[in-house]
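See below for the structure under consideration.
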Amino acid sequence: MSELPGRLACWNIELEYGVASDGTLFALSGKSDDELPLLVVLRYDGGHLLFFHPKVPRLARLRLDELGEEAVLEHPENIVDVLRENRVAGPRVVASPFYEGLHFAVAPTPLESPEVVEERGSFRVLRDGRAVTKAWTVRENAWAAEVAVETLPDFRRQGLARQVTAAWGHRVLASGRVAFFSHRRDDFASAALARSLGLSHYATTREYSNHATDRPDGQSAHLGGSRREVPFLGQ
């Protein structure tokens with residue numbers, strides 16, 4: 001775990017879940033164990049990590065680890081078989097989409113965000129007094145933060161999302177923390193935004209659960225760190 005991508009993967013998952021030393025997940029304050037996935041798989045440059053729901057027994061954990069990186073990430077049927085054999089999966093195991101995890105390796109400068117204002121806890125670009133794009137922290141702790149970004153449809157592809165995300169990244173890095181951005185693999189708008197910012201990829205993530213795992217705390221366009229559907233708050 002000496003490589004930076006592996007450390008980043010651990011820091012990122014700890015934004016959303018508590019993690020014991022043996023890889024067991026536990027709910028953070030205000031959350032319930034019922035919301036925990038059965039398994040989280042993180043593939044990074046140099047290896048992979050598995051994190052488990054508390055009810056996944058040791059034997060199942062060993063078997064899943066023995067399957068290898070490609071099997072646990074790319075072939076959900078392998079996961080389902082092991083979980084059901086150990087009676088920890090319901091009748092329907094749901095595999096999440098793939099998520100790509102990135103971070104700001106280089107701090108943006110204020111010159112990259114000439115139209116951005118900070119208000120109501122977010123970085124925004126205004127048109128006629130209305131926010132048309134904004135970036136905000138969707139979750140954070142003492143050593144890292146993750147961003148969510150949204151842009152109204154009529155104002156996309158104008159570089160505005162880049163401005164607010166750069167402003168957010170500048171602020172987080174200035175606080176001495178890691179600044180994370182993530183998106184679904186098939187969210188091409190967010191992937192383009194990440195490229196325009198020069199973000200560095202550190203991991204690919206997939207979750208397995210007994211319930212829907214397309215996490216409800218983000219949005220489909222310019223998804224940064226949030227993986228759930230929320231309305232755009234343009235007020």
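Chain labels A, B, ... are given in the sequence in which chains occur in the structure tokens; within each chain residues are numbered consecutively from 1, and ligands are likewise numbered from 1 in the order shown.
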Which neighbours of segment 121-130 of chain A fall inside 8 Å, counting only C-alpha atoms, when residues of the same chain fewer than 3 positions from it are skipped, and could you give them as a short mmCIF file (atom, residue, chain, number, x, y, z; two decimals) with N, CA and C atoms, in the first residue's frame?
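Contents of selection-v2.cif, freshly written:
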```
data_model
loop_
_atom_site.label_atom_id
_atom_site.label_comp_id
_atom_site.auth_asym_id
_atom_site.auth_seq_id
_atom_site.Cartn_x
_atom_site.Cartn_y
_atom_site.Cartn_z
N GLU A 115 -14.90 34.13 -13.75
CA GLU A 115 -16.31 34.50 -13.58
C GLU A 115 -16.94 33.90 -12.32
N VAL A 116 -16.16 33.24 -11.52
CA VAL A 116 -16.72 32.48 -10.39
C VAL A 116 -16.92 33.36 -9.17
N VAL A 117 -18.07 33.16 -8.53
CA VAL A 117 -18.33 33.77 -7.23
C VAL A 117 -18.60 32.64 -6.24
N GLU A 118 -18.29 32.91 -4.99
CA GLU A 118 -18.55 31.92 -3.94
C GLU A 118 -19.72 32.39 -3.11
N THR A 133 -24.14 27.34 -13.32
CA THR A 133 -23.28 26.19 -13.03
C THR A 133 -22.73 26.38 -11.63
N LYS A 134 -22.48 25.26 -10.96
CA LYS A 134 -21.92 25.37 -9.62
C LYS A 134 -21.16 24.10 -9.26
N ALA A 135 -20.21 24.25 -8.35
CA ALA A 135 -19.44 23.14 -7.79
C ALA A 135 -19.49 23.26 -6.28
N TRP A 136 -19.67 22.14 -5.61
CA TRP A 136 -19.74 22.16 -4.16
C TRP A 136 -19.18 20.86 -3.59
N THR A 137 -18.84 20.88 -2.32
CA THR A 137 -18.33 19.69 -1.65
C THR A 137 -19.48 18.79 -1.27
N LEU A 160 -17.79 26.75 -18.45
CA LEU A 160 -18.20 27.27 -17.15
C LEU A 160 -18.02 26.24 -16.04
N VAL A 164 -15.82 26.61 -12.30
CA VAL A 164 -16.26 26.40 -10.92
C VAL A 164 -15.53 25.23 -10.28
N THR A 165 -15.24 24.19 -11.08
CA THR A 165 -14.52 23.04 -10.53
C THR A 165 -13.08 23.41 -10.20
N ALA A 167 -12.09 26.40 -9.31
CA ALA A 167 -12.14 27.22 -8.10
C ALA A 167 -12.29 26.36 -6.86
N TRP A 168 -13.15 25.33 -6.96
CA TRP A 168 -13.32 24.40 -5.83
C TRP A 168 -12.01 23.67 -5.53
N GLY A 234 -30.56 25.98 -8.73
CA GLY A 234 -30.12 27.16 -9.45
C GLY A 234 -30.48 28.47 -8.79
N GLN A 235 -31.07 28.43 -7.59
CA GLN A 235 -31.47 29.68 -6.98
C GLN A 235 -30.27 30.46 -6.49
#
```
Which residues, written as a PyMOL selection string, have at least one atom at most 6 Å from Val94 of chain A, with only C-alpha atoms counted and residues fewer than 4 positions away on the same chain left out?
chain A and resi 208-210
DSSP on the backbone, helix (DSSP H, G or I) only: what residues of chain A does that give? Format it as a ChimeraX atom specification.
/A:4-16,33-35,58-67,69-74,76-85,110-112,153-155,160-174,188-197
Those residues with C-alpha atoms, as a PDB file, in the first residue's frame please?
```pdb
ATOM      1  CA  LEU A   4       0.023   6.759  -4.061  1.00  0.00           C
ATOM      2  CA  PRO A   5      -2.966   5.362  -6.046  1.00  0.00           C
ATOM      3  CA  GLY A   6      -3.621   2.773  -3.336  1.00  0.00           C
ATOM      4  CA  ARG A   7      -3.484   5.383  -0.597  1.00  0.00           C
ATOM      5  CA  LEU A   8      -5.804   7.657  -2.548  1.00  0.00           C
ATOM      6  CA  ALA A   9      -8.274   4.793  -3.008  1.00  0.00           C
ATOM      7  CA  CYS A  10      -8.400   4.244   0.749  1.00  0.00           C
ATOM      8  CA  TRP A  11      -8.757   7.936   1.526  1.00  0.00           C
ATOM      9  CA  ASN A  12     -11.590   8.254  -0.960  1.00  0.00           C
ATOM     10  CA  ILE A  13     -13.676   5.359   0.330  1.00  0.00           C
ATOM     11  CA  GLU A  14     -13.272   6.722   3.861  1.00  0.00           C
ATOM     12  CA  LEU A  15     -15.167   9.818   2.755  1.00  0.00           C
ATOM     13  CA  GLU A  16     -18.294   7.701   2.388  1.00  0.00           C
ATOM     14  CA  ASP A  33     -25.611  -0.486   8.024  1.00  0.00           C
ATOM     15  CA  ASP A  34     -28.568  -1.246   5.745  1.00  0.00           C
ATOM     16  CA  GLU A  35     -27.140   1.322   3.325  1.00  0.00           C
ATOM     17  CA  ARG A  58     -14.293 -14.603   6.463  1.00  0.00           C
ATOM     18  CA  LEU A  59     -14.553 -17.621   4.161  1.00  0.00           C
ATOM     19  CA  ALA A  60     -16.426 -15.596   1.546  1.00  0.00           C
ATOM     20  CA  ARG A  61     -13.859 -12.793   1.823  1.00  0.00           C
ATOM     21  CA  LEU A  62     -11.016 -15.225   1.210  1.00  0.00           C
ATOM     22  CA  ARG A  63     -12.776 -16.714  -1.801  1.00  0.00           C
ATOM     23  CA  LEU A  64     -13.486 -13.306  -3.295  1.00  0.00           C
ATOM     24  CA  ASP A  65      -9.883 -12.260  -2.800  1.00  0.00           C
ATOM     25  CA  GLU A  66      -8.694 -15.466  -4.490  1.00  0.00           C
ATOM     26  CA  LEU A  67     -10.797 -14.720  -7.575  1.00  0.00           C
ATOM     27  CA  GLU A  69      -8.716  -8.447  -9.814  1.00  0.00           C
ATOM     28  CA  GLU A  70     -10.357  -8.986 -13.195  1.00  0.00           C
ATOM     29  CA  ALA A  71     -12.886 -11.513 -11.931  1.00  0.00           C
ATOM     30  CA  VAL A  72     -14.187  -9.374  -9.071  1.00  0.00           C
ATOM     31  CA  LEU A  73     -14.377  -6.199 -11.136  1.00  0.00           C
ATOM     32  CA  GLU A  74     -15.401  -7.337 -14.605  1.00  0.00           C
ATOM     33  CA  PRO A  76     -20.374  -9.923 -11.567  1.00  0.00           C
ATOM     34  CA  GLU A  77     -21.523 -13.532 -11.841  1.00  0.00           C
ATOM     35  CA  ASN A  78     -18.446 -14.621  -9.876  1.00  0.00           C
ATOM     36  CA  ILE A  79     -19.331 -12.284  -7.041  1.00  0.00           C
ATOM     37  CA  VAL A  80     -22.970 -13.363  -6.976  1.00  0.00           C
ATOM     38  CA  ASP A  81     -22.047 -17.034  -6.762  1.00  0.00           C
ATOM     39  CA  VAL A  82     -19.753 -16.540  -3.768  1.00  0.00           C
ATOM     40  CA  LEU A  83     -22.146 -14.255  -1.901  1.00  0.00           C
ATOM     41  CA  ARG A  84     -25.117 -16.544  -2.384  1.00  0.00           C
ATOM     42  CA  GLU A  85     -23.177 -19.636  -1.400  1.00  0.00           C
ATOM     43  CA  PRO A 110      -7.505  31.791  -9.568  1.00  0.00           C
ATOM     44  CA  LEU A 111      -6.878  32.968 -13.132  1.00  0.00           C
ATOM     45  CA  GLU A 112      -8.703  29.841 -14.333  1.00  0.00           C
ATOM     46  CA  PRO A 153     -28.336  22.436 -20.142  1.00  0.00           C
ATOM     47  CA  ASP A 154     -28.298  25.744 -22.031  1.00  0.00           C
ATOM     48  CA  PHE A 155     -24.924  26.683 -20.542  1.00  0.00           C
ATOM     49  CA  LEU A 160     -18.199  27.274 -17.151  1.00  0.00           C
ATOM     50  CA  ALA A 161     -18.145  23.929 -15.330  1.00  0.00           C
ATOM     51  CA  ARG A 162     -14.386  23.973 -15.662  1.00  0.00           C
ATOM     52  CA  GLN A 163     -14.216  27.371 -13.982  1.00  0.00           C
ATOM     53  CA  VAL A 164     -16.258  26.403 -10.922  1.00  0.00           C
ATOM     54  CA  THR A 165     -14.522  23.040 -10.528  1.00  0.00           C
ATOM     55  CA  ALA A 166     -11.110  24.703 -10.763  1.00  0.00           C
ATOM     56  CA  ALA A 167     -12.144  27.220  -8.102  1.00  0.00           C
ATOM     57  CA  TRP A 168     -13.322  24.398  -5.831  1.00  0.00           C
ATOM     58  CA  GLY A 169     -10.102  22.434  -6.380  1.00  0.00           C
ATOM     59  CA  HIS A 170      -7.973  25.493  -5.636  1.00  0.00           C
ATOM     60  CA  ARG A 171      -9.773  26.034  -2.330  1.00  0.00           C
ATOM     61  CA  VAL A 172      -9.531  22.396  -1.192  1.00  0.00           C
ATOM     62  CA  LEU A 173      -5.849  22.044  -2.057  1.00  0.00           C
ATOM     63  CA  ALA A 174      -5.116  25.345  -0.322  1.00  0.00           C
ATOM     64  CA  PHE A 188     -18.494  11.425 -21.283  1.00  0.00           C
ATOM     65  CA  ALA A 189     -19.217  15.045 -20.325  1.00  0.00           C
ATOM     66  CA  SER A 190     -17.632  14.534 -16.919  1.00  0.00           C
ATOM     67  CA  ALA A 191     -14.707  12.665 -18.458  1.00  0.00           C
ATOM     68  CA  ALA A 192     -14.095  15.607 -20.791  1.00  0.00           C
ATOM     69  CA  LEU A 193     -14.271  18.012 -17.853  1.00  0.00           C
ATOM     70  CA  ALA A 194     -11.702  15.955 -15.964  1.00  0.00           C
ATOM     71  CA  ARG A 195      -9.366  15.952 -18.983  1.00  0.00           C
ATOM     72  CA  SER A 196      -9.690  19.707 -19.403  1.00  0.00           C
ATOM     73  CA  LEU A 197      -8.611  20.149 -15.781  1.00  0.00           C
TER      74      LEU A 197
END
```
Atom CA of Phe104 of chain A to atom CA of Ser200 of chain A: how many Å, to one decimal?
6.4 Å
